$ cat my_file_26.cif   # mmCIF, C-alpha atoms
data_input
loop_
_atom_site.label_atom_id
_atom_site.label_comp_id
_atom_site.auth_asym_id
_atom_site.auth_seq_id
_atom_site.Cartn_x
_atom_site.Cartn_y
_atom_site.Cartn_z
CA MET A 220 -37.46 -42.82 -15.25
CA MET A 221 -40.41 -40.57 -16.02
CA LYS A 222 -39.80 -38.52 -12.85
CA ARG A 223 -36.15 -37.90 -13.83
CA GLU A 224 -37.16 -36.83 -17.36
CA THR A 225 -39.75 -34.46 -15.92
CA LEU A 226 -37.12 -32.87 -13.64
CA PHE A 227 -34.67 -32.32 -16.50
CA SER A 228 -37.40 -30.97 -18.75
CA GLY A 229 -38.50 -28.47 -16.12
CA ILE A 230 -34.94 -27.25 -15.45
CA SER A 231 -34.16 -27.04 -19.19
CA ALA A 232 -37.20 -24.92 -19.81
CA LEU A 233 -36.31 -22.51 -17.01
CA LEU A 234 -32.68 -22.30 -18.17
CA LEU A 235 -33.92 -21.49 -21.68
CA LEU A 236 -36.00 -18.68 -20.24
CA ALA A 237 -32.96 -17.38 -18.35
CA ALA A 238 -30.85 -17.40 -21.51
CA CYS A 239 -33.47 -15.36 -23.34
CA LYS A 240 -33.85 -12.81 -20.52
CA GLY A 241 -34.25 -9.18 -21.57
CA LYS A 242 -33.31 -6.03 -19.75
CA THR A 243 -36.77 -4.66 -18.96
CA PRO A 244 -37.92 -4.70 -15.31
CA PRO A 245 -40.64 -7.19 -14.40
CA ALA A 246 -44.23 -6.29 -15.09
CA VAL A 247 -46.64 -5.53 -12.27
CA GLU A 248 -48.54 -8.73 -12.99
CA ASN A 249 -46.36 -11.74 -12.16
CA LYS A 250 -46.86 -14.96 -14.03
CA GLN A 251 -47.89 -17.90 -11.93
CA VAL A 252 -45.12 -20.44 -11.43
CA THR A 253 -45.35 -23.59 -9.36
CA VAL A 254 -42.43 -25.13 -7.51
CA SER A 255 -42.50 -28.84 -8.29
CA ASP A 256 -41.24 -31.43 -5.84
CA SER A 257 -38.14 -31.94 -7.96
CA MET A 258 -37.40 -28.19 -8.15
CA ALA A 259 -37.89 -27.86 -4.41
CA LYS A 260 -34.77 -29.96 -3.94
CA ILE A 261 -32.49 -27.45 -5.68
CA ILE A 262 -33.66 -24.26 -4.01
CA THR A 263 -33.06 -22.73 -0.57
CA ILE A 264 -35.69 -20.73 1.28
CA ASP A 265 -34.64 -18.10 3.85
CA THR A 266 -36.66 -15.81 6.09
CA ALA A 267 -36.16 -12.05 6.25
CA LYS A 268 -35.27 -10.92 9.77
CA ILE A 269 -34.76 -7.70 11.69
CA ALA A 270 -31.06 -7.21 12.41
CA THR A 271 -28.71 -4.49 13.60
CA ILE A 272 -26.93 -2.97 10.63
CA LYS A 273 -23.26 -3.88 10.50
CA ASN A 274 -20.68 -1.49 9.15
CA GLU A 275 -17.22 -2.07 7.69
CA LEU A 276 -14.32 0.27 7.12
CA THR A 277 -11.27 -0.78 5.08
CA LEU A 278 -7.91 0.68 6.12
CA SER A 279 -4.24 0.22 5.30
CA GLY A 280 -1.84 -0.68 8.08
CA GLU A 281 1.56 -1.99 9.05
CA VAL A 282 2.73 -4.70 11.45
CA SER A 283 4.79 -3.66 14.45
CA TYR A 284 6.03 -5.47 17.53
CA ASP A 285 4.29 -5.14 20.88
CA ASP A 286 6.19 -2.48 22.84
CA ASN A 287 5.00 -4.02 26.10
CA THR A 288 6.73 -7.33 25.45
CA VAL A 289 10.13 -6.18 24.14
CA VAL A 290 13.55 -5.88 25.74
CA LYS A 291 15.87 -3.15 24.51
CA VAL A 292 19.60 -3.82 24.86
CA PHE A 293 21.56 -0.61 25.54
CA PRO A 294 25.35 -0.22 25.56
CA PHE A 295 26.89 -0.11 29.04
CA SER A 296 30.06 1.56 27.82
CA SER A 297 31.40 3.35 24.75
CA GLY A 298 33.78 1.56 22.42
CA GLN A 299 34.29 -0.13 19.06
CA VAL A 300 32.11 -3.00 17.84
CA LEU A 301 34.41 -5.92 17.04
CA ASP A 302 31.76 -8.43 15.93
CA VAL A 303 27.99 -8.79 15.60
CA LYS A 304 26.76 -12.37 15.97
CA VAL A 305 23.09 -11.97 14.96
CA SER A 306 21.04 -10.44 12.17
CA LEU A 307 17.68 -8.70 12.07
CA GLY A 308 14.90 -11.27 12.46
CA ASP A 309 17.06 -13.96 14.07
CA LYS A 310 15.62 -16.03 16.90
CA VAL A 311 17.85 -15.85 19.98
CA SER A 312 17.92 -17.55 23.36
CA LYS A 313 18.48 -15.95 26.73
CA GLY A 314 22.23 -15.60 27.37
CA GLN A 315 23.18 -15.93 23.68
CA THR A 316 26.02 -13.65 22.50
CA LEU A 317 24.75 -10.79 20.36
CA ALA A 318 27.90 -8.73 19.86
CA ILE A 319 31.45 -8.14 21.13
CA VAL A 320 32.72 -4.65 21.93
CA ARG A 321 36.18 -3.39 22.88
CA SER A 322 35.86 -0.55 25.35
CA ALA A 323 38.46 1.78 26.83
CA ASP A 324 36.02 2.45 29.66
CA VAL A 325 35.94 -1.24 30.57
CA ALA A 326 39.74 -1.46 30.43
CA GLY A 327 39.92 1.65 32.63
CA ASN A 328 37.56 0.08 35.15
CA TYR A 329 39.85 -2.93 35.50
CA THR A 330 42.87 -0.62 35.92
CA ASP A 331 41.01 1.20 38.68
CA LEU A 332 40.10 -2.17 40.21
CA SER A 333 43.74 -3.26 40.30
CA SER A 334 44.86 0.08 41.77
CA SER A 335 42.15 0.12 44.43
CA LYS A 336 42.95 -3.49 45.33
CA SER A 337 46.61 -2.59 45.87
CA ASP A 338 45.63 0.41 47.99
CA LEU A 339 43.35 -1.79 50.06
CA ALA A 340 46.18 -4.25 50.73
CA ILE A 341 48.51 -1.43 51.84
CA TYR A 342 45.97 0.12 54.20
CA LYS A 343 45.13 -3.31 55.59
CA ARG A 344 48.79 -3.86 56.58
CA GLN A 345 48.93 -0.38 58.08
CA LEU A 346 45.77 -1.07 60.10
CA GLU A 347 47.13 -4.36 61.41
CA GLN A 348 50.39 -2.65 62.42
CA ALA A 349 48.59 0.29 64.09
CA GLU A 350 46.32 -2.13 65.97
CA TYR A 351 49.34 -4.09 67.26
CA LEU A 352 51.14 -0.94 68.43
CA TYR A 353 48.02 0.45 70.06
CA LYS A 354 47.25 -2.75 71.98
CA ASN A 355 50.84 -2.87 73.22
CA GLY A 356 50.74 0.74 74.37
CA ILE A 357 53.33 1.94 71.82
CA SER A 358 51.05 4.19 69.70
CA SER A 359 48.08 6.35 70.54
CA GLU A 360 44.42 5.59 69.94
CA ARG A 361 44.35 8.44 67.44
CA ASP A 362 46.88 6.70 65.18
CA TYR A 363 44.88 3.49 65.35
CA THR A 364 41.58 5.29 64.52
CA GLU A 365 43.19 7.08 61.58
CA ALA A 366 44.53 3.80 60.17
CA LYS A 367 41.08 2.25 60.50
CA GLU A 368 39.45 5.15 58.61
CA ASN A 369 42.00 4.91 55.81
CA TYR A 370 41.33 1.20 55.49
CA ASN A 371 37.54 1.72 55.39
CA LYS A 372 37.92 4.33 52.63
CA ALA A 373 40.14 2.01 50.58
CA GLU A 374 37.67 -0.83 51.03
CA ALA A 375 34.77 1.40 49.89
CA ALA A 376 36.73 2.52 46.82
CA TYR A 377 37.50 -1.09 45.90
CA SER A 378 33.87 -2.15 46.33
CA LYS A 379 32.71 0.79 44.23
CA VAL A 380 34.89 -0.22 41.27
CA LYS A 381 33.78 -3.86 41.58
CA ASP A 382 30.13 -2.82 41.58
CA GLN A 383 30.71 -0.55 38.59
CA ILE A 384 32.22 -3.41 36.58
CA ALA A 385 29.36 -5.72 37.57
CA ILE A 386 26.73 -3.17 36.58
CA ASN A 387 28.37 -2.14 33.31
CA GLY A 388 29.24 -5.62 32.16
CA GLY A 389 27.26 -8.08 34.21
CA GLY A 390 30.24 -10.42 34.42
CA ASN A 391 30.74 -10.35 30.65
CA THR A 392 33.85 -8.18 30.61
CA SER A 393 37.58 -8.85 30.71
CA PRO A 394 40.65 -6.85 31.84
CA GLY A 395 41.61 -6.35 28.19
CA GLY A 396 38.53 -4.17 27.70
CA THR A 397 36.36 -6.72 25.92
CA LEU A 398 32.63 -6.46 26.56
CA VAL A 399 30.35 -9.36 25.48
CA ILE A 400 26.75 -8.31 24.81
CA LYS A 401 24.30 -11.12 25.59
CA ALA A 402 20.55 -11.52 25.09
CA PRO A 403 18.69 -10.78 28.35
CA GLU A 404 15.60 -12.69 27.15
CA SER A 405 14.62 -15.17 24.45
CA GLY A 406 12.82 -13.89 21.37
CA PHE A 407 13.37 -12.42 17.92
CA VAL A 408 15.70 -9.58 16.98
CA VAL A 409 13.25 -6.99 15.69
CA GLU A 410 15.66 -4.05 15.73
CA LYS A 411 19.42 -3.89 15.19
CA ASN A 412 21.34 -0.60 15.31
CA ILE A 413 25.02 -1.63 15.31
CA THR A 414 27.43 -3.11 12.76
CA ALA A 415 30.91 -4.57 13.04
CA GLY A 416 33.55 -1.82 12.97
CA GLY A 417 31.18 0.84 14.18
CA PHE A 418 31.69 2.98 17.27
CA ILE A 419 29.42 3.43 20.26
CA ARG A 420 29.71 7.00 21.52
CA PRO A 421 29.26 7.92 25.20
CA ASP A 422 26.31 10.16 24.30
CA ASN A 423 24.53 7.43 22.28
CA ALA A 424 21.00 7.00 23.63
CA ASN A 425 19.84 4.42 21.07
CA SER A 426 19.51 0.74 21.84
CA MET A 427 21.84 -1.73 20.12
CA PHE A 428 19.17 -4.42 19.79
CA THR A 429 15.47 -4.85 20.45
CA ILE A 430 14.20 -8.34 21.23
CA SER A 431 10.53 -9.33 21.16
CA ASN A 432 8.84 -12.68 21.77
CA MET A 433 6.39 -11.80 18.91
CA LYS A 434 3.54 -13.74 20.55
CA ASP A 435 1.38 -10.67 20.10
CA VAL A 436 1.83 -7.92 17.52
CA TRP A 437 0.46 -4.45 16.94
CA ILE A 438 -1.08 -3.25 13.70
CA TRP A 439 -0.88 0.51 13.19
CA ALA A 440 -3.62 1.55 10.73
CA ASN A 441 -4.43 4.91 9.16
CA VAL A 442 -7.91 6.42 9.50
CA PHE A 443 -8.86 9.41 7.35
CA GLU A 444 -10.55 12.35 9.03
CA SER A 445 -13.94 11.57 7.43
CA ASP A 446 -13.95 8.09 8.98
CA ILE A 447 -12.83 8.91 12.53
CA SER A 448 -16.35 8.55 13.97
CA ARG A 449 -16.56 5.00 12.57
CA VAL A 450 -13.68 3.64 14.66
CA LYS A 451 -13.73 3.11 18.42
CA VAL A 452 -11.78 1.12 20.98
CA GLY A 453 -13.08 -2.44 21.19
CA TYR A 454 -14.23 -2.75 17.58
CA THR A 455 -13.32 -6.01 15.85
CA ALA A 456 -10.56 -5.84 13.24
CA LYS A 457 -9.88 -8.39 10.50
CA VAL A 458 -6.35 -8.22 9.11
CA THR A 459 -5.01 -9.71 5.89
CA THR A 460 -1.55 -9.53 4.34
CA ILE A 461 -0.02 -9.94 0.89
CA ALA A 462 2.07 -12.83 2.21
CA TYR A 463 -1.00 -14.78 3.41
CA PRO A 464 -3.94 -13.54 1.27
CA ASP A 465 -6.24 -16.40 2.29
CA LYS A 466 -5.61 -16.11 6.04
CA VAL A 467 -7.53 -13.66 8.22
CA PHE A 468 -6.07 -12.51 11.55
CA THR A 469 -8.67 -11.24 14.03
CA GLY A 470 -7.98 -8.70 16.75
CA LYS A 471 -9.42 -5.68 18.55
CA VAL A 472 -8.91 -1.94 18.28
CA ASP A 473 -6.84 -1.25 21.40
CA ALA A 474 -6.16 2.48 21.11
CA VAL A 475 -7.14 5.47 18.98
CA SER A 476 -4.75 8.39 18.72
CA SER A 477 -5.94 11.80 19.91
CA VAL A 478 -4.12 13.80 17.21
CA LEU A 479 -3.85 13.69 13.43
CA ASP A 480 -0.55 13.08 11.70
CA PRO A 481 0.52 16.59 10.55
CA ASP A 482 1.98 15.30 7.26
CA ASN A 483 -0.73 13.06 5.80
CA LYS A 484 -3.70 14.11 7.96
CA VAL A 485 -4.60 10.63 9.15
CA LEU A 486 -5.37 9.28 12.61
CA LYS A 487 -3.39 6.31 13.88
CA ILE A 488 -5.19 3.42 15.54
CA LYS A 489 -3.55 0.43 17.25
CA ILE A 490 -4.89 -3.09 16.78
CA VAL A 491 -3.64 -5.89 19.05
CA LEU A 492 -3.82 -9.46 17.84
CA PRO A 493 -2.18 -12.81 18.59
CA ASN A 494 0.60 -13.84 16.20
CA ASP A 495 -0.22 -17.53 15.76
CA GLY A 496 2.63 -19.42 14.14
CA MET A 497 4.78 -16.28 14.19
CA LEU A 498 3.53 -15.51 10.67
CA LEU A 499 3.31 -11.74 11.05
CA LYS A 500 6.61 -9.86 10.78
CA PRO A 501 7.37 -6.21 11.62
CA GLU A 502 7.03 -3.81 8.66
CA MET A 503 4.55 -6.07 6.79
CA PHE A 504 1.83 -4.12 4.98
CA THR A 505 -1.71 -5.11 5.89
CA SER A 506 -5.30 -4.54 4.84
CA VAL A 507 -7.56 -3.94 7.85
CA ILE A 508 -11.35 -4.23 7.95
CA ILE A 509 -12.94 -2.63 11.00
CA ALA A 510 -16.36 -4.13 11.75
CA ASN A 511 -18.90 -2.58 14.06
CA SER A 512 -22.64 -2.52 14.58
CA GLU A 513 -24.66 0.64 14.09
CA LYS A 514 -27.61 1.42 16.35
CA ALA A 515 -30.04 1.36 13.39
CA GLN A 516 -31.89 -1.82 12.47
CA SER A 517 -33.44 -3.02 9.25
CA VAL A 518 -34.69 -6.11 7.44
CA ALA A 519 -31.75 -8.39 6.60
CA ILE A 520 -31.53 -11.21 4.06
CA PRO A 521 -28.70 -13.33 2.60
CA ALA A 522 -26.82 -11.30 -0.02
CA LYS A 523 -27.02 -14.18 -2.50
CA ALA A 524 -30.83 -13.87 -2.58
CA VAL A 525 -30.77 -10.49 -4.38
CA VAL A 526 -31.20 -10.37 -8.16
CA TYR A 527 -29.70 -7.29 -9.79
CA ASP A 528 -31.42 -6.45 -13.07
CA ASN A 529 -31.72 -3.24 -15.08
CA SER A 530 -30.02 -1.20 -12.29
CA LYS A 531 -32.56 -2.38 -9.73
CA ASN A 532 -32.64 -5.04 -7.00
CA PHE A 533 -35.26 -7.79 -6.76
CA VAL A 534 -36.03 -10.84 -4.67
CA VAL A 535 -38.28 -13.83 -5.27
CA VAL A 536 -40.80 -14.03 -2.44
CA TYR A 537 -42.01 -17.53 -1.53
CA ASN A 538 -45.53 -17.58 -0.09
CA SER A 539 -46.20 -21.18 -1.05
CA LYS A 540 -45.13 -23.54 -3.79
CA ASP A 541 -47.96 -22.18 -5.93
CA ASP A 542 -47.54 -18.54 -4.89
CA LEU A 543 -44.21 -16.93 -5.89
CA LYS A 544 -43.78 -13.19 -6.41
CA VAL A 545 -40.97 -11.02 -7.76
CA ARG A 546 -40.60 -7.94 -5.58
CA GLN A 547 -38.36 -4.91 -5.99
CA VAL A 548 -36.38 -3.98 -2.85
CA ALA A 549 -34.34 -0.98 -1.78
CA VAL A 550 -30.87 -2.00 -0.58
CA ILE A 551 -29.16 -0.02 2.18
CA LYS A 552 -25.83 -1.84 2.02
CA THR A 553 -24.28 -5.28 1.82
CA VAL A 554 -21.76 -6.32 4.50
CA GLU A 555 -20.04 -9.69 4.11
CA ASP A 556 -22.85 -12.14 3.22
CA THR A 557 -25.79 -10.04 4.49
CA THR A 558 -27.86 -7.44 2.59
CA TYR A 559 -29.84 -4.83 4.55
CA ILE A 560 -33.19 -3.76 3.05
CA SER A 561 -34.99 -0.45 3.67
CA SER A 562 -38.19 -1.26 1.77
CA GLY A 563 -39.82 -4.04 -0.24
CA LEU A 564 -39.68 -6.75 2.45
CA GLN A 565 -40.91 -7.24 5.97
CA ALA A 566 -39.57 -9.42 8.74
CA GLY A 567 -40.99 -12.91 8.34
CA ASP A 568 -41.22 -12.82 4.54
CA LYS A 569 -39.74 -15.91 2.94
CA ILE A 570 -37.46 -15.56 -0.06
CA ILE A 571 -35.62 -17.97 -2.36
CA SER A 572 -31.86 -17.57 -1.98
CA LYS A 573 -30.57 -20.37 -4.23
CA ASN A 574 -31.40 -20.78 -7.94
CA GLN A 575 -33.85 -17.90 -7.57
CA LEU A 576 -32.79 -16.51 -10.95
CA LEU A 577 -34.63 -19.36 -12.68
CA PHE A 578 -37.89 -18.39 -11.00
CA TYR A 579 -37.23 -14.68 -11.44
CA ASP A 580 -37.12 -15.03 -15.22
CA ALA A 581 -40.12 -17.32 -15.36
CA ILE A 582 -42.29 -15.15 -13.08
CA ALA A 583 -41.30 -11.79 -14.56
CA GLY A 584 -41.94 -13.07 -18.06
CA ASN A 585 -38.53 -12.10 -19.43
CA ASN A 586 -38.36 -14.19 -22.57
#

$ encode --input "my_file_26.cif" --output "structure tokens"
Amino acid sequence: MMKRETLFSGISALLLLAACKGKTPPAVENKQVTVSDSMAKIITIDTAKIATIKNELTLSGEVSYDDNTVVKVFPFSSGQVLDVKVSLGDKVSKGQTLAIVRSADVAGNYTDLSSSKSDLAIYKRQLEQAEYLYKNGISSERDYTEAKENYNKAEAAYSKVKDQIAINGGGNTSPGGTLVIKAPESGFVVEKNITAGGFIRPDNANSMFTISNMKDVWIWANVFESDISRVKVGYTAKVTTIAYPDKVFTGKVDAVSSVLDPDNKVLKIKIVLPNDGMLLKPEMFTSVIIANSEKAQSVAIPAKAVVYDNSKNFVVVYNSKDDLKVRQVAVIKTVEDTTYISSGLQAGDKIISKNQLLFYDAIAGNN
């Protein structure tokens, strides 16, 4: 019971000192403070180490689909869109109907097919007749050869129209001119450029749909001219979104543009990352943190060990339980949970990184 009362008394006294803390920096002479066995249980001691200085750059970006894993669906023929079966963002399966188009070109192809089929039948009968007459010595070999050439031309014309229909419709057309557009692959509709009632012109070079499996996505981020040297291919990128503020997506810088955007004077970089759970959607705004390591090294300590007082930074150095010192340090920068020090500490120095404020006030004599 006495040990517990001693612990509470010691903590209460230090907390009282902290509450009465002034704003003056610590004196050169530090007061002697001893770390009791009970206080030792509530502190953490870390060792200063030499580490390569990490750097971070925060950028704004936008989610886009991976161009290498998309399928663009182009119109085979001009015509009017009768119906669109899917919407932007829908998940579709291979072979699923996307839209129905009525095309005069398709109807014309079937008319040509019927005409060429009739011509082929006529020339076939003529060839059979010419062959019979030639074998029986009634007609000349020239007549027979001419009939054979006519038949071969008719057969080629018929095959050409059949192939044209197969290529332009892939078996999804009908003699009435109907063209059924189907999904060539499974995925998500990430782009949709047609609506029911609209017309597809012969000179239209745009795709009707773009389908992506969305397993991987691209993040396009903007880098200002002053920060270009801080971004290189291979650097790690941490991406967060408004939709999932507590979730961090990690990827790599895959490409850095060679030219600045002429309008806003920024450089585009591409970040590739896996889209686990299909959470990231095209057009989402993102915050991107690019992390890299500089060549320079310095003393590094946990960021939580630094005490900021009177516009200066201090640490509590632990030499032994009877030898604690408050020391002013010069901070280079703090990245994530690490603070880099340019002076005031050396590698191997031990510092208190938990509840150090209690000792700081007691040692510095701020009361």

$ closest_residue --input "my_file_26.cif" --among "A:Met258, A:Ala510, A:Leu352, A:Ile520" --to "Asp568 in chain A" --atoms "only C-alpha atoms"
A:Ile520

$ resolve_selection --input "my_file_26.cif" --expression "the PyMOL selection byres ((chain A and resi 403-407) around 10)" --output "list in words"
Thr288, Val289, Val290, Lys291, Val292, Ser306, Leu307, Gly308, Asp309, Lys310, Val311, Ser312, Lys313, Gly314, Gln315, Thr316, Ile400, Lys401, Ala402, Val408, Val409, Glu410, Thr429, Ile430, Ser431, Asn432, Met433 and Lys434 of chain A

$ closest_residue --input "my_file_26.cif" --among "A:Ile508, A:Val518, A:Val550, A:Ala267" --to "Val472 in chain A" --atoms "only C-alpha atoms"
A:Ile508

$ atom_distance --input "my_file_26.cif" --atom1 "CA of Ile341 in chain A" --atom2 "CA of Arg361 in chain A"
18.9 Å

$ closest_residue --input "my_file_26.cif" --among "A:Ile560, A:Val452, A:Met427, A:Ala326" --to "Ile413 in chain A" --atoms "only C-alpha atoms"
A:Met427

$ resolve_selection --input "my_file_26.cif" --expression "the PyMOL selection byres ((chain A and resi 424) around 12)" --output "VMD selection string"
chain A and resid 291 to 297 412 419 to 423 425 to 427

$ resolve_selection --input "my_file_26.cif" --expression "the PyMOL selection byres ((chain A and resi 523-532) around 10)" --output "short mmCIF file (atom, residue, chain, number, x, y, z; two decimals) with C-alpha atoms, in the frame of the given file"
data_model
loop_
_atom_site.label_atom_id
_atom_site.label_comp_id
_atom_site.auth_asym_id
_atom_site.auth_seq_id
_atom_site.Cartn_x
_atom_site.Cartn_y
_atom_site.Cartn_z
CA GLY A 241 -34.25 -9.18 -21.57
CA LYS A 242 -33.31 -6.03 -19.75
CA THR A 243 -36.77 -4.66 -18.96
CA PRO A 244 -37.92 -4.70 -15.31
CA PRO A 245 -40.64 -7.19 -14.40
CA THR A 263 -33.06 -22.73 -0.57
CA ILE A 264 -35.69 -20.73 1.28
CA ASP A 265 -34.64 -18.10 3.85
CA ILE A 520 -31.53 -11.21 4.06
CA PRO A 521 -28.70 -13.33 2.60
CA ALA A 522 -26.82 -11.30 -0.02
CA PHE A 533 -35.26 -7.79 -6.76
CA VAL A 534 -36.03 -10.84 -4.67
CA VAL A 535 -38.28 -13.83 -5.27
CA VAL A 536 -40.80 -14.03 -2.44
CA VAL A 545 -40.97 -11.02 -7.76
CA ARG A 546 -40.60 -7.94 -5.58
CA GLN A 547 -38.36 -4.91 -5.99
CA VAL A 548 -36.38 -3.98 -2.85
CA ALA A 549 -34.34 -0.98 -1.78
CA VAL A 550 -30.87 -2.00 -0.58
CA ASP A 556 -22.85 -12.14 3.22
CA THR A 557 -25.79 -10.04 4.49
CA THR A 558 -27.86 -7.44 2.59
CA GLY A 563 -39.82 -4.04 -0.24
CA ILE A 570 -37.46 -15.56 -0.06
CA ILE A 571 -35.62 -17.97 -2.36
CA SER A 572 -31.86 -17.57 -1.98
CA LYS A 573 -30.57 -20.37 -4.23
CA ASN A 574 -31.40 -20.78 -7.94
CA GLN A 575 -33.85 -17.90 -7.57
CA LEU A 576 -32.79 -16.51 -10.95
CA TYR A 579 -37.23 -14.68 -11.44
#

$ atom_distance --input "my_file_26.cif" --atom1 "CA of Leu398 in chain A" --atom2 "CA of Leu301 in chain A"
9.7 Å

$ atom_distance --input "my_file_26.cif" --atom1 "CA of Leu577 in chain A" --atom2 "CA of Ile269 in chain A"
27.0 Å

$ closest_residue --input "my_file_26.cif" --among "A:Leu332, A:Ala270, A:Val282, A:Ala318" --to "Glu502 in chain A" --atoms "only C-alpha atoms"
A:Val282

$ residues_around --input "my_file_26.cif" --residues "Ser477 in chain A" --least-positions-apart "4" --cutoff "12 Å" --atoms "only C-alpha atoms" --output "PyMOL selection string"
chain A and resi 442+444+447+451+485-489

$ closest_residue --input "my_file_26.cif" --among "A:Glu374, A:Phe428, A:Ala385, A:Ser561" --to "Lys411 in chain A" --atoms "only C-alpha atoms"
A:Phe428

$ residues_around --input "my_file_26.cif" --residues "Leu346 in chain A" --least-positions-apart "2" --cutoff "12 Å" --atoms "only C-alpha atoms" --output "JSON, numbers by chain"
{"A": [339, 340, 341, 342, 343, 344, 348, 349, 350, 351, 352, 353, 360, 362, 363, 364, 365, 366, 367, 368, 369, 370, 371, 373]}

$ closest_residue --input "my_file_26.cif" --among "A:Ile319, A:Tyr559, A:Thr330, A:Pro493" --to "Ala515 in chain A" --atoms "all atoms listed in the file"
A:Tyr559

$ residues_around --input "my_file_26.cif" --residues "Val320 in chain A" --least-positions-apart "5" --cutoff "7 Å" --atoms "all atoms listed in the file" --output "PDB file with C-alpha atoms, in the frame of the given file"
ATOM      1  CA  GLY A 298      33.780   1.560  22.420  1.00  0.00           C
ATOM      2  CA  GLN A 299      34.290  -0.130  19.060  1.00  0.00           C
ATOM      3  CA  VAL A 300      32.110  -3.000  17.840  1.00  0.00           C
ATOM      4  CA  LEU A 301      34.410  -5.920  17.040  1.00  0.00           C
ATOM      5  CA  THR A 397      36.360  -6.720  25.920  1.00  0.00           C
ATOM      6  CA  LEU A 398      32.630  -6.460  26.560  1.00  0.00           C
ATOM      7  CA  VAL A 399      30.350  -9.360  25.480  1.00  0.00           C
TER       8      VAL A 399
END

$ residues_near_point --input "my_file_26.cif" --point "(-5.2, -14.8, 19.2)" --cutoff "10 Å" --atoms "only C-alpha atoms" --output "ChimeraX atom specification"
/A:434-436,468-470,491-495

$ decode --input "my_file_26.cif" --residues "range 273-284 of chain A" --atoms "N, CA, C and O atoms" --output "short mmCIF file (atom, residue, chain, number, x, y, z; two decimals), in the first residue's frame"
data_model
loop_
_atom_site.label_atom_id
_atom_site.label_comp_id
_atom_site.auth_asym_id
_atom_site.auth_seq_id
_atom_site.Cartn_x
_atom_site.Cartn_y
_atom_site.Cartn_z
N LYS A 273 14.18 10.77 -44.93
CA LYS A 273 13.04 10.55 -45.82
C LYS A 273 12.41 11.89 -46.19
O LYS A 273 12.48 12.85 -45.44
N ASN A 274 11.78 11.88 -47.37
CA ASN A 274 11.14 13.10 -47.85
C ASN A 274 9.73 12.78 -48.31
O ASN A 274 9.47 11.69 -48.82
N GLU A 275 8.82 13.69 -48.13
CA GLU A 275 7.43 13.49 -48.57
C GLU A 275 6.96 14.70 -49.35
O GLU A 275 7.30 15.85 -49.05
N LEU A 276 6.16 14.41 -50.37
CA LEU A 276 5.58 15.46 -51.21
C LEU A 276 4.11 15.16 -51.36
O LEU A 276 3.72 14.07 -51.78
N THR A 277 3.26 16.12 -51.01
CA THR A 277 1.81 15.92 -51.09
C THR A 277 1.28 16.53 -52.38
O THR A 277 1.55 17.69 -52.70
N LEU A 278 0.52 15.72 -53.13
CA LEU A 278 -0.02 16.13 -54.42
C LEU A 278 -1.52 15.85 -54.49
O LEU A 278 -2.05 15.06 -53.71
N SER A 279 -2.17 16.49 -55.43
CA SER A 279 -3.58 16.18 -55.71
C SER A 279 -3.62 15.31 -56.97
O SER A 279 -2.77 15.44 -57.85
N GLY A 280 -4.59 14.42 -57.03
CA GLY A 280 -4.67 13.52 -58.17
C GLY A 280 -6.09 13.09 -58.46
O GLY A 280 -7.05 13.51 -57.80
N GLU A 281 -6.21 12.22 -59.46
CA GLU A 281 -7.52 11.73 -59.88
C GLU A 281 -7.40 10.29 -60.35
O GLU A 281 -6.42 9.92 -61.00
N VAL A 282 -8.39 9.48 -60.01
CA VAL A 282 -8.39 8.06 -60.39
C VAL A 282 -8.78 7.91 -61.84
O VAL A 282 -9.71 8.56 -62.33
N SER A 283 -8.09 7.04 -62.54
CA SER A 283 -8.42 6.70 -63.92
C SER A 283 -8.26 5.20 -64.09
O SER A 283 -7.58 4.54 -63.30
N TYR A 284 -8.88 4.65 -65.11
CA TYR A 284 -8.73 3.23 -65.38
C TYR A 284 -7.41 2.95 -66.08
O TYR A 284 -6.81 3.84 -66.71
#
